[in-house]
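Q: My structure is in protein14.csv, and what it holds is CSV, C-alpha atoms and all ligand atoms:
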chain,number,residue,atom,x,y,z
T,285,MET,CA,-10.4,-7.0,16.9
T,286,GLU,CA,-8.2,-9.2,14.8
T,287,ILE,CA,-4.5,-9.6,14.2
T,288,LEU,CA,-3.1,-9.2,10.7
T,289,LYS,CA,0.3,-10.4,9.6
T,290,VAL,CA,2.4,-7.7,8.0
T,291,LYS,CA,5.7,-9.5,7.4
T,292,GLY,CA,8.1,-11.8,9.3
T,293,ASN,CA,7.6,-11.1,13.0
T,294,THR,CA,5.7,-7.8,12.4
T,295,TYR,CA,2.0,-7.9,12.9
T,296,CYS,CA,-0.7,-5.5,13.7
T,297,ILE,CA,-3.9,-5.3,15.7
T,298,ASP,CA,-6.8,-4.0,13.7
T,299,THR,CA,-8.9,-2.1,16.2
T,300,GLY,CA,-11.4,-1.1,13.5
T,301,MET,CA,-10.3,2.5,13.6
T,302,THR,CA,-6.5,2.0,13.8
T,303,TYR,CA,-3.7,-0.4,13.0
T,304,ILE,CA,-1.5,-1.0,16.1
T,305,PRO,CA,1.7,-2.8,14.9
T,306,PHE,CA,3.6,-5.1,17.2
T,307,TYR,CA,6.8,-7.1,16.9
T,308,LYS,CA,7.0,-10.6,18.1
T,309,ILE,CA,10.3,-11.3,20.1
T,310,ASN,CA,9.1,-14.9,20.3
T,311,ASP,CA,5.8,-16.7,20.5
T,312,GLU,CA,4.8,-15.0,23.7
T,313,GLU,CA,6.7,-11.7,24.1
T,314,ILE,CA,5.9,-8.7,22.0
T,315,ILE,CA,6.9,-5.1,21.6
T,316,MET,CA,3.9,-2.8,20.8
T,317,LEU,CA,4.2,0.2,18.5
T,318,ASP,CA,1.7,2.5,20.1
T,319,THR,CA,-1.2,1.5,22.4
T,320,GLY,CA,-4.4,3.0,21.0
T,321,TRP,CA,-7.3,4.8,22.7
T,322,LYS,CA,-8.3,4.3,26.3
T,323,ASN,CA,-12.0,4.9,25.5
T,324,GLY,CA,-13.4,2.4,23.1
T,325,GLU,CA,-10.2,0.4,22.4
T,326,ARG,CA,-8.7,-0.7,25.7
T,327,GLU,CA,-11.0,-3.7,26.3
T,328,GLY,CA,-10.6,-5.0,22.8
T,329,ILE,CA,-6.8,-4.7,22.8
T,330,GLU,CA,-6.6,-6.5,26.2
T,331,GLU,CA,-8.9,-9.2,24.9
T,332,VAL,CA,-6.7,-9.8,21.8
T,333,LEU,CA,-3.5,-9.8,23.9
T,334,GLU,CA,-4.9,-12.3,26.4
T,335,ARG,CA,-6.5,-14.6,23.8
T,336,ASN,CA,-3.0,-15.0,22.2
T,337,ASN,CA,-1.2,-15.3,25.5
T,338,PHE,CA,1.0,-12.3,24.6
T,339,LYS,CA,3.1,-10.6,27.2
T,340,VAL,CA,3.9,-7.0,26.4
T,341,ARG,CA,7.6,-6.5,27.1
T,342,ALA,CA,7.9,-3.0,25.6
T,343,ILE,CA,6.0,-0.1,24.0
T,344,LEU,CA,7.6,2.1,21.4
T,345,ASN,CA,5.5,5.1,20.6
T,346,SER,CA,5.3,7.1,17.3
T,347,HIS,CA,4.1,10.2,19.2
T,348,ALA,CA,2.3,11.2,22.4
T,349,HIS,CA,-1.3,11.7,21.1
T,350,ILE,CA,-4.3,10.5,23.0
T,351,ASP,CA,-5.1,7.8,20.4
T,352,HIS,CA,-1.5,6.4,20.4
T,353,ILE,CA,-0.5,6.4,24.1
T,354,GLY,CA,-3.9,6.0,25.6
T,355,ASN,CA,-3.1,2.6,27.2
T,356,ASN,CA,0.7,3.1,27.9
T,357,THR,CA,0.5,3.4,31.7
T,358,TYR,CA,-2.3,0.8,31.9
T,359,LEU,CA,-0.2,-1.8,30.0
T,360,LYS,CA,3.0,-0.8,31.8
T,361,ASN,CA,1.3,-1.5,35.2
T,362,LYS,CA,-0.2,-4.7,33.9
T,363,TYR,CA,2.9,-6.2,32.2
T,364,ASN,CA,5.7,-4.3,33.9
T,365,CYS,CA,6.9,-3.4,30.4
T,366,ILE,CA,9.2,-0.5,29.4
T,367,ILE,CA,8.2,2.5,27.4
T,368,ALA,CA,10.3,4.2,24.7
T,369,MET,CA,9.5,7.4,22.7
T,370,ALA,CA,11.1,10.5,21.4
T,371,ALA,CA,12.5,12.7,24.2
T,372,TYR,CA,10.3,15.7,23.6
T,373,GLU,CA,7.1,13.6,23.3
T,374,ALA,CA,8.1,11.8,26.5
T,375,ASN,CA,8.4,15.2,28.3
T,376,ILE,CA,4.9,16.3,27.1
T,377,CYS,CA,3.2,13.3,28.7
T,378,SER,CA,5.5,13.1,31.8
T,379,SER,CA,3.0,15.0,34.0
T,380,GLU,CA,-0.3,16.7,34.1
T,381,VAL,CA,1.4,20.1,34.3
T,382,ASN,CA,3.5,19.3,31.2
T,383,LEU,CA,0.4,18.2,29.3
T,384,LYS,CA,-1.1,21.6,30.3
T,385,VAL,CA,2.0,23.4,28.8
T,386,PHE,CA,1.2,21.6,25.5
T,387,TYR,CA,-2.6,21.9,25.6
T,388,GLY,CA,-2.1,25.5,26.6
T,389,SER,CA,-5.6,26.9,25.8
T,390,GLN,CA,-7.3,24.4,28.1
T,391,THR,CA,-7.7,24.7,31.9
T,392,LEU,CA,-5.6,22.4,34.1
T,393,LYS,CA,-8.9,20.9,35.3
T,394,GLU,CA,-9.9,19.9,31.8
T,395,VAL,CA,-6.5,18.7,30.9
T,396,LYS,CA,-6.6,16.4,34.0
T,397,GLU,CA,-10.0,15.1,33.1
T,398,HIS,CA,-9.4,14.5,29.3
T,399,PHE,CA,-5.7,13.8,29.2
T,400,GLY,CA,-4.8,12.6,32.7
T,401,HIS,CA,-4.6,9.0,31.7
T,402,MET,CA,-1.9,9.9,29.1
T,403,VAL,CA,0.7,10.6,31.8
T,404,CYS,CA,3.3,7.9,31.6
T,405,LYS,CA,6.9,7.2,32.6
T,406,THR,CA,9.2,6.8,29.7
T,407,ASP,CA,12.2,4.5,30.3
T,408,ILE,CA,14.0,5.0,27.0
T,409,SER,CA,14.1,8.6,25.5
T,410,ILE,CA,15.0,8.8,21.9
T,411,ALA,CA,17.2,11.8,21.0
T,412,GLU,CA,16.6,14.1,18.0
T,413,ASP,CA,19.8,12.8,16.3
T,414,GLN,CA,19.3,9.1,17.1
T,415,ASP,CA,18.5,6.9,14.1
T,416,ASN,CA,18.0,3.6,15.8
T,417,VAL,CA,17.0,2.2,19.2
T,418,SER,CA,17.6,-1.2,20.7
T,419,ILE,CA,14.6,-2.5,22.8
T,420,CYS,CA,14.7,-6.0,24.4
T,421,GLY,CA,17.5,-6.9,22.1
T,422,VAL,CA,15.5,-5.9,18.9
T,423,ASN,CA,16.9,-3.0,16.8
T,424,PHE,CA,14.4,-0.5,15.3
T,425,LYS,CA,15.4,2.2,12.8
T,426,ILE,CA,14.0,5.6,13.7
T,427,LEU,CA,13.0,8.3,11.1
T,428,HIS,CA,12.3,11.7,12.6
T,429,THR,CA,9.2,13.2,11.1
T,430,PRO,CA,8.3,16.3,13.1
T,431,GLY,CA,5.2,18.3,12.3
T,432,HIS,CA,2.1,16.2,13.0
T,433,SER,CA,3.4,16.4,16.6
T,434,PRO,CA,6.6,18.1,17.7
T,435,ALA,CA,8.8,15.0,17.7
T,436,HIS,CA,6.8,12.4,15.7
T,437,ILE,CA,8.9,9.4,14.6
T,438,CYS,CA,8.4,6.6,12.0
T,439,ILE,CA,9.6,3.2,13.2
T,440,ILE,CA,11.2,0.6,11.0
T,441,THR,CA,11.1,-3.0,12.3
T,442,PRO,CA,13.8,-5.6,11.6
T,443,ASP,CA,11.4,-7.0,8.9
T,444,ASP,CA,11.8,-3.9,6.8
T,445,VAL,CA,8.3,-2.8,7.7
T,446,ALA,CA,7.9,1.0,8.2
T,447,TYR,CA,5.3,2.1,10.7
T,448,MET,CA,4.3,5.6,9.6
T,449,GLY,CA,2.2,6.6,12.7
T,450,ASP,CA,0.3,9.7,11.7
T,451,ALA,CA,3.0,11.1,9.3
T,452,LEU,CA,0.5,10.0,6.5
T,453,ILE,CA,-3.2,9.4,6.5
T,454,SER,CA,-5.1,6.8,4.4
T,455,TYR,CA,-7.5,7.5,1.5
T,456,GLU,CA,-10.4,6.5,3.8
T,457,VAL,CA,-9.5,9.2,6.4
T,458,MET,CA,-9.0,11.8,3.6
T,459,LYS,CA,-12.6,11.1,2.5
T,460,GLY,CA,-14.0,12.0,5.9
T,461,ALA,CA,-11.5,14.5,7.2
T,462,LYS,CA,-12.4,18.2,7.3
T,463,MET,CA,-9.2,19.6,8.8
T,464,PRO,CA,-6.7,16.8,9.5
T,465,TYR,CA,-4.5,17.7,12.4
T,466,ALA,CA,-0.9,18.9,12.3
T,467,TYR,CA,0.8,20.7,15.1
T,468,ILE,CA,3.1,22.6,12.8
T,469,LEU,CA,1.7,22.1,9.3
T,470,SER,CA,4.7,23.6,7.4
T,471,GLU,CA,7.1,21.1,9.2
T,472,ASP,CA,4.6,18.2,8.7
T,473,MET,CA,4.7,19.0,4.9
T,474,LYS,CA,8.5,18.9,4.9
T,475,SER,CA,8.4,15.5,6.8
T,476,LYS,CA,5.9,14.1,4.3
T,477,ALA,CA,8.2,15.2,1.4
T,478,LYS,CA,11.1,13.4,3.1
T,479,LEU,CA,9.2,10.1,2.9
T,480,TYR,CA,9.6,9.9,-0.9
T,481,ASP,CA,13.2,8.7,-0.3
T,482,LEU,CA,12.0,5.6,1.7
T,483,ASN,CA,12.4,2.2,0.2
T,484,TYR,CA,10.9,-0.5,2.5
T,485,SER,CA,9.0,-3.7,1.9
T,486,LYS,CA,5.8,-2.6,3.7
T,487,TYR,CA,4.3,0.5,5.1
T,488,VAL,CA,1.7,0.7,7.9
T,489,VAL,CA,-0.4,3.9,8.3
T,490,ALA,CA,-2.0,4.2,11.8
T,491,HIS,CA,-5.4,5.5,10.5
T,492,LYS,CA,-5.5,3.1,8.6
T,493,GLY,CA,-3.8,1.3,5.8
T,494,MET,CA,-1.1,-1.1,4.6
T,495,TYR,CA,0.9,-0.4,1.5
T,496,ASP,CA,3.8,-1.8,-0.6
T,497,ASP,CA,4.5,1.6,-2.1
T,498,ILE,CA,3.6,5.0,-0.7
T,499,LYS,CA,4.7,7.4,-3.4
T,500,LYS,CA,1.2,8.2,-4.6
T,501,LEU,CA,-0.1,8.3,-1.1
T,502,ILE,CA,2.5,10.9,-0.2
T,503,SER,CA,1.6,13.1,-3.1
T,504,ASP,CA,-2.1,12.8,-2.4
T,505,ASN,CA,-1.6,13.6,1.3
T,506,ILE,CA,0.4,16.7,0.4
T,507,ASP,CA,-2.3,17.8,-2.1
T,508,PHE,CA,-5.0,17.1,0.4
T,509,TYR,CA,-3.5,19.2,3.3
T,510,GLU,CA,-2.7,21.9,0.8
T,511,SER,CA,-6.3,22.0,-0.5
T,512,ARG,CA,-7.6,22.2,3.0
T,513,ALA,CA,-5.3,25.1,3.7
T,514,MET,CA,-6.6,26.8,0.6
T,515,ARG,CA,-10.2,26.4,1.7
T,516,VAL,CA,-9.3,28.2,4.9
T,517,TYR,CA,-7.6,30.9,2.9
T,518,GLU,CA,-10.7,31.4,0.8
T,519,ALA,CA,-12.7,32.0,3.9
T,520,ILE,CA,-10.7,35.1,4.8
T,521,ASP,CA,-12.1,38.1,2.9
T,522,GLU,CA,-11.0,41.0,5.1
T,523,ALA,CA,-8.9,41.6,8.2
T,524,MET,CA,-10.1,39.0,10.6
T,525,THR,CA,-9.3,37.7,14.1
T,526,ILE,CA,-8.8,34.0,14.6
T,527,GLU,CA,-12.3,33.9,16.0
T,528,ASP,CA,-13.8,35.6,13.0
T,529,ILE,CA,-12.0,33.1,10.7
T,530,MET,CA,-13.3,30.2,12.9
T,531,LYS,CA,-16.9,31.5,12.6
T,532,VAL,CA,-16.7,31.4,8.8
T,533,VAL,CA,-14.8,28.1,8.6
T,534,ILE,CA,-17.1,26.1,10.8
T,535,LYS,CA,-20.0,27.2,8.6
T,536,ARG,CA,-18.2,26.5,5.3
T,537,PHE,CA,-16.8,23.1,6.5
T,538,HIS,CA,-20.2,22.2,8.1
T,539,ILE,CA,-18.4,21.5,11.5
T,540,ARG,CA,-20.7,21.1,14.4
T,541,ILE,CA,-19.3,22.2,17.8
T,542,ASN,CA,-21.5,21.2,20.6
T,543,ASP,CA,-19.1,20.9,23.5
T,544,VAL,CA,-16.1,22.8,25.0
T,545,TYR,CA,-13.7,20.0,24.2
T,546,LYS,CA,-14.6,20.0,20.5
T,547,TYR,CA,-14.2,23.8,20.5
T,548,TYR,CA,-10.6,23.4,21.7
T,549,VAL,CA,-9.8,20.7,19.1
T,550,ILE,CA,-11.2,22.7,16.2
T,551,GLU,CA,-9.5,25.9,17.5
T,552,ARG,CA,-6.1,24.1,17.6
T,553,MET,CA,-6.6,22.6,14.1
T,554,LEU,CA,-7.6,25.8,12.5
T,555,LYS,CA,-4.7,27.7,14.1
T,556,SER,CA,-2.2,25.3,12.5
T,557,TYR,CA,-3.7,26.0,9.0
T,558,VAL,CA,-3.7,29.8,9.6
T,559,ASP,CA,-0.1,29.6,10.8
T,560,TYR,CA,0.8,27.6,7.7
T,561,LEU,CA,-0.8,30.2,5.4
T,562,TYR,CA,1.3,32.8,7.2
T,563,GLU,CA,4.5,30.7,6.8
T,564,ILE,CA,3.9,30.3,3.1
T,565,GLU,CA,3.3,34.1,2.9
T,566,LYS,CA,-0.3,33.9,1.9
T,567,LEU,CA,-1.4,35.8,5.0
T,568,ASN,CA,0.0,38.8,6.8
T,569,LEU,CA,-0.5,39.7,10.5
T,570,ILE,CA,-1.7,43.2,11.4
T,571,MET,CA,-2.8,45.0,14.6
T,572,GLU,CA,-6.2,46.7,14.4
T,573,ASP,CA,-7.9,48.3,17.4
T,574,GLY,CA,-5.6,46.3,19.7
T,575,PHE,CA,-6.5,43.0,18.1
T,576,LEU,CA,-4.3,40.6,16.1
T,577,LYS,CA,-5.8,40.1,12.6
T,578,TYR,CA,-5.0,38.1,9.6
T,579,ILE,CA,-5.2,39.6,6.2
T,580,LYS,CA,-4.6,38.2,2.7
T,581,ASN,CA,-1.2,39.0,1.3
T,582,GLU,CA,-2.1,40.4,-2.1
T,583,ASN,CA,1.5,40.7,-3.4
T,601,ZN,ZN,-1.6,11.9,16.1
Render the structure in this file as structure tokens.

A:
Amino acid sequence: MEILKVKGNTYCIDTGMTYIPFYKINDEEIIMLDTGWKNGEREGIEEVLERNNFKVRAILNSHAHIDHIGNNTYLKNKYNCIIAMAAYEANICSSEVNLKVFYGSQTLKEVKEHFGHMVCKTDISIAEDQDNVSICGVNFKILHTPGHSPAHICIITPDDVAYMGDALISYEVMKGAKMPYAYILSEDMKSKAKLYDLNYSKYVVAHKGMYDDIKKLISDNIDFYESRAMRVYEAIDEAMTIEDIMKVVIKRFHIRINDVYKYYVIERMLKSYVDYLYEIEKLNLIMEDGFLKYIKNEN
């Protein structure tokens, strides 16, 4: 893994899959914006921190997904650092039971196995109406971009660098993504549209890119998610249950599901696209033989 300079005191760790930005308080002390995956990234991140003699003083998270908070508790224990994130995200990862509330379709046993390491204690909760936060004397601007996760935030460092987290995805990810994830796609689309107003020096997208201007990327993201939703829509040719839709979609999108965990992931992703199609009135809900079915809205 290597360190890239973004601007001023803002840098990022390139893990290969992800950019993890950090802000240098001084030569030794840093504030990390997200902490990456446990599996596959922890060792490399630790090695890079140690090689540079960095002490992590704080972690400021964009959202509480497994690939963004995977090393929160580990680093908190190691460096005795503080953790800051949006209040609702902090609540989700505050206990295994709260994770179970969020990952509702999975059993508690599986939640503990797959997500147990995500449990962390947040020291600074960022409220919905809060537009900046001071951490170790450094002031970060906060832009609330719900949708990808319930209380996702973008973070702007004092160097005028905006960390977008997963509010946008890069062209590289778009090339490979079959159904990119959004918790509430309609809200995510609104948040993406809000980004047109931004005017910062640099933008860092977690998976994975660095840009001086993001206007085209925003439009291309919106078109991409929209086109994925339309492909799901095209798969619905009669009144179908969510499982019926899933059967057709995994075939059409060439998605291979070979374990229970992958099944849950795909089910969650598909549901957000189906919900979106309902929100934009492309689909109707009906009851048939006691089952909830989705049908195209022909009006
Ligand atoms: Zn995410």

Q: Please identify every polymer residue within 9 Å of ligand ZN 601 (chain T), using only C-alpha atoms and all ligand atoms, and present the set as a list in words.

A: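 Every residue with an atom at most 9 Å from ligand ZN 601 (chain T) is listed here: Ser346, His347, Ala348, His349, Ile350, Asp351, His352, His432, Ser433, His436, Gly449, Asp450, Ala451, Tyr465, Ala466 and Ala490 of chain T.
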
Q: Any idea what's packed within 7 Å of Tyr484 of chain T, counting all atoms listed in the file, ignoring anything in its chain fewer than 5 positions away? Could you give it as a PyMOL selection string?

A: chain T and resi 444-446

Q: When you count all atoms listed in the file, which of these residues is closest to Ile314 of chain T: T:Leu383, T:Ile376, T:Glu510, T:Ile419?

A: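 So, comparing all the options, the nearest one is T:Ile419.
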
Q: If you measure from atom CA of Tyr295 of chain T to atom CA of Ile439 of chain T, what distance in Å do you get, rounded to one decimal?

A: 13.5 Å

Q: Skipping near chain neighbours, those fewer than 6 positions away, what residues fall within 9 Å of Met402 of chain T using all atoms listed in the file, listed as a PyMOL selection string?

A: chain T and resi 322+348-350+353-357+377-380+383

Q: Record the distance separating atom CA of Tyr517 of chain T and atom CA of Val457 of chain T, expressed in Å with one decimal.

A: 22.1 Å

Q: Give me the residues near segment 408-417 of chain T as a list in words, where near means some atom within 10 Å (using all atoms listed in the file) and where sequence neighbours in that chain fewer than 2 positions away do not count.

A: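 So, after excluding close chain neighbours, the residues are Ile343, Leu344, Ile366, Ile367, Ala368, Met369, Ala370, Ala371, Tyr372, Glu373, Ala374, Asn375, Lys405, Thr406, Ile419, Cys420, Gly421, Val422, Asn423, Phe424, Lys425, Ile426, Leu427, His428, Pro430, Ala435, Ile437, Ile439 and Ile440 of chain T.
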
Q: Distance atom CA of Asn293 of chain T-atom CA of Asp443 of chain T, one decimal place?

A: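 So the answer is 6.9 Å.
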
Q: Please check which residues have atoms at most 12 Å from (4.7, -10.7, 27.0) in the file's coordinates, counting only C-alpha atoms, and write them as a JSON list (two decimals) with C-alpha atoms, in the coordinates of the input.

A:
[["chain", "number", "residue", "atom", "x", "y", "z"],
["T", 306, "PHE", "CA", 3.60, -5.10, 17.20],
["T", 307, "TYR", "CA", 6.80, -7.10, 16.90],
["T", 308, "LYS", "CA", 7.00, -10.60, 18.10],
["T", 309, "ILE", "CA", 10.30, -11.30, 20.10],
["T", 310, "ASN", "CA", 9.10, -14.90, 20.30],
["T", 311, "ASP", "CA", 5.80, -16.70, 20.50],
["T", 312, "GLU", "CA", 4.80, -15.00, 23.70],
["T", 313, "GLU", "CA", 6.70, -11.70, 24.10],
["T", 314, "ILE", "CA", 5.90, -8.70, 22.00],
["T", 315, "ILE", "CA", 6.90, -5.10, 21.60],
["T", 316, "MET", "CA", 3.90, -2.80, 20.80],
["T", 333, "LEU", "CA", -3.50, -9.80, 23.90],
["T", 334, "GLU", "CA", -4.90, -12.30, 26.40],
["T", 336, "ASN", "CA", -3.00, -15.00, 22.20],
["T", 337, "ASN", "CA", -1.20, -15.30, 25.50],
["T", 338, "PHE", "CA", 1.00, -12.30, 24.60],
["T", 339, "LYS", "CA", 3.10, -10.60, 27.20],
["T", 340, "VAL", "CA", 3.90, -7.00, 26.40],
["T", 341, "ARG", "CA", 7.60, -6.50, 27.10],
["T", 342, "ALA", "CA", 7.90, -3.00, 25.60],
["T", 343, "ILE", "CA", 6.00, -0.10, 24.00],
["T", 359, "LEU", "CA", -0.20, -1.80, 30.00],
["T", 360, "LYS", "CA", 3.00, -0.80, 31.80],
["T", 362, "LYS", "CA", -0.20, -4.70, 33.90],
["T", 363, "TYR", "CA", 2.90, -6.20, 32.20],
["T", 364, "ASN", "CA", 5.70, -4.30, 33.90],
["T", 365, "CYS", "CA", 6.90, -3.40, 30.40],
["T", 366, "ILE", "CA", 9.20, -0.50, 29.40],
["T", 420, "CYS", "CA", 14.70, -6.00, 24.40]]

Q: When you look at Lys478 of chain T with a cut-off of 12 Å (counting only C-alpha atoms), what residues show up, excluding the ones that are within fewer than 3 positions of it in the same chain? I need them as a PyMOL selection string.

A: chain T and resi 427-431+438+451-452+471-475+481-483+498-499+502-503+506

Q: Name all residues at most 7 Å from Tyr487 of chain T (count all atoms listed in the file; drop same-chain ones fewer than 3 positions away) and give them as an MDAnalysis selection string.

A: chainID T and resid 445:448 494:496

Q: Pick out the closest residue to Lys486 of chain T from this set: T:Gly300, T:Gly460, T:Gly328, T:Pro305. Count only C-alpha atoms.

A: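 The closest residue to Lys486 of chain T is T:Pro305.
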
Q: Would you list the residues near (-8.0, 15.9, 28.6), meaning any protein, DNA or RNA residue with an atom at most 12 Å from that point in file coordinates, counting all atoms listed in the file, as a VMD selection string?

A: chain T and resid 322 349 to 351 354 377 380 to 381 383 to 384 386 to 403 544 to 546 548 to 549

Q: Using all atoms listed in the file, can you tell me which of T:Glu551, T:Asp298, T:Glu286, T:Glu572 comes closest to Lys492 of chain T?

A: T:Asp298

Q: Which residue gives the smallest distance to Met301 of chain T among T:Leu554, T:Leu469, T:Val489, T:Leu567, with only C-alpha atoms counted?

A: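 Using only C-alpha atoms, the shortest distance to Met301 of chain T belongs to T:Val489.
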
Q: Taking into account all atoms listed in the file, which residue in the set T:Tyr557, T:Asn361, T:Val332, T:Met285 is nearest to Arg515 of chain T?

A: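 Counting all atoms listed in the file, the residue closest to Arg515 of chain T is T:Tyr557.
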
Q: Using the partial input, fill out segment 515-533 of chain T with N, CA and C atoms; write the result as a PDB file, keeping the file's coordinate frame.

A:
ATOM      1  N   ARG T 515      -8.764  26.144   1.332  1.00  0.00           N
ATOM      2  CA  ARG T 515     -10.200  26.400   1.700  1.00  0.00           C
ATOM      3  C   ARG T 515     -10.275  27.337   2.875  1.00  0.00           C
ATOM      4  N   VAL T 516      -9.336  27.225   3.801  1.00  0.00           N
ATOM      5  CA  VAL T 516      -9.300  28.200   4.900  1.00  0.00           C
ATOM      6  C   VAL T 516      -8.959  29.562   4.405  1.00  0.00           C
ATOM      7  N   TYR T 517      -7.985  29.600   3.496  1.00  0.00           N
ATOM      8  CA  TYR T 517      -7.600  30.900   2.900  1.00  0.00           C
ATOM      9  C   TYR T 517      -8.739  31.588   2.234  1.00  0.00           C
ATOM     10  N   GLU T 518      -9.535  30.810   1.495  1.00  0.00           N
ATOM     11  CA  GLU T 518     -10.700  31.400   0.800  1.00  0.00           C
ATOM     12  C   GLU T 518     -11.728  31.966   1.731  1.00  0.00           C
ATOM     13  N   ALA T 519     -11.734  31.492   2.965  1.00  0.00           N
ATOM     14  CA  ALA T 519     -12.700  32.000   3.900  1.00  0.00           C
ATOM     15  C   ALA T 519     -12.368  33.358   4.491  1.00  0.00           C
ATOM     16  N   ILE T 520     -11.134  33.792   4.223  1.00  0.00           N
ATOM     17  CA  ILE T 520     -10.700  35.100   4.800  1.00  0.00           C
ATOM     18  C   ILE T 520     -10.876  36.169   3.739  1.00  0.00           C
ATOM     19  N   ASP T 521     -11.859  37.045   3.964  1.00  0.00           N
ATOM     20  CA  ASP T 521     -12.100  38.100   2.900  1.00  0.00           C
ATOM     21  C   ASP T 521     -11.836  39.482   3.397  1.00  0.00           C
ATOM     22  N   GLU T 522     -11.405  39.639   4.644  1.00  0.00           N
ATOM     23  CA  GLU T 522     -11.000  41.000   5.100  1.00  0.00           C
ATOM     24  C   GLU T 522     -10.078  40.746   6.318  1.00  0.00           C
ATOM     25  N   ALA T 523      -9.686  41.832   6.999  1.00  0.00           N
ATOM     26  CA  ALA T 523      -8.900  41.600   8.200  1.00  0.00           C
ATOM     27  C   ALA T 523      -9.696  40.954   9.252  1.00  0.00           C
ATOM     28  N   MET T 524      -9.292  39.767   9.658  1.00  0.00           N
ATOM     29  CA  MET T 524     -10.100  39.000  10.600  1.00  0.00           C
ATOM     30  C   MET T 524      -9.282  38.447  11.751  1.00  0.00           C
ATOM     31  N   THR T 525      -9.916  38.400  12.935  1.00  0.00           N
ATOM     32  CA  THR T 525      -9.300  37.700  14.100  1.00  0.00           C
ATOM     33  C   THR T 525      -9.420  36.239  13.886  1.00  0.00           C
ATOM     34  N   ILE T 526      -8.702  35.479  14.715  1.00  0.00           N
ATOM     35  CA  ILE T 526      -8.800  34.000  14.600  1.00  0.00           C
ATOM     36  C   ILE T 526     -10.235  33.546  14.840  1.00  0.00           C
ATOM     37  N   GLU T 527     -10.937  34.255  15.761  1.00  0.00           N
ATOM     38  CA  GLU T 527     -12.300  33.900  16.000  1.00  0.00           C
ATOM     39  C   GLU T 527     -13.245  34.164  14.842  1.00  0.00           C
ATOM     40  N   ASP T 528     -12.980  35.315  14.171  1.00  0.00           N
ATOM     41  CA  ASP T 528     -13.800  35.600  13.000  1.00  0.00           C
ATOM     42  C   ASP T 528     -13.574  34.521  11.918  1.00  0.00           C
ATOM     43  N   ILE T 529     -12.317  34.094  11.749  1.00  0.00           N
ATOM     44  CA  ILE T 529     -12.000  33.100  10.700  1.00  0.00           C
ATOM     45  C   ILE T 529     -12.737  31.759  11.141  1.00  0.00           C
ATOM     46  N   MET T 530     -12.678  31.462  12.437  1.00  0.00           N
ATOM     47  CA  MET T 530     -13.300  30.200  12.900  1.00  0.00           C
ATOM     48  C   MET T 530     -14.799  30.206  12.621  1.00  0.00           C
ATOM     49  N   LYS T 531     -15.456  31.362  12.835  1.00  0.00           N
ATOM     50  CA  LYS T 531     -16.900  31.500  12.600  1.00  0.00           C
ATOM     51  C   LYS T 531     -17.222  31.074  11.126  1.00  0.00           C
ATOM     52  N   VAL T 532     -16.433  31.629  10.195  1.00  0.00           N
ATOM     53  CA  VAL T 532     -16.700  31.400   8.800  1.00  0.00           C
ATOM     54  C   VAL T 532     -16.352  29.912   8.429  1.00  0.00           C
ATOM     55  N   VAL T 533     -15.217  29.450   8.952  1.00  0.00           N
ATOM     56  CA  VAL T 533     -14.800  28.100   8.600  1.00  0.00           C
ATOM     57  C   VAL T 533     -15.718  27.020   9.098  1.00  0.00           C
TER      58      VAL T 533
END
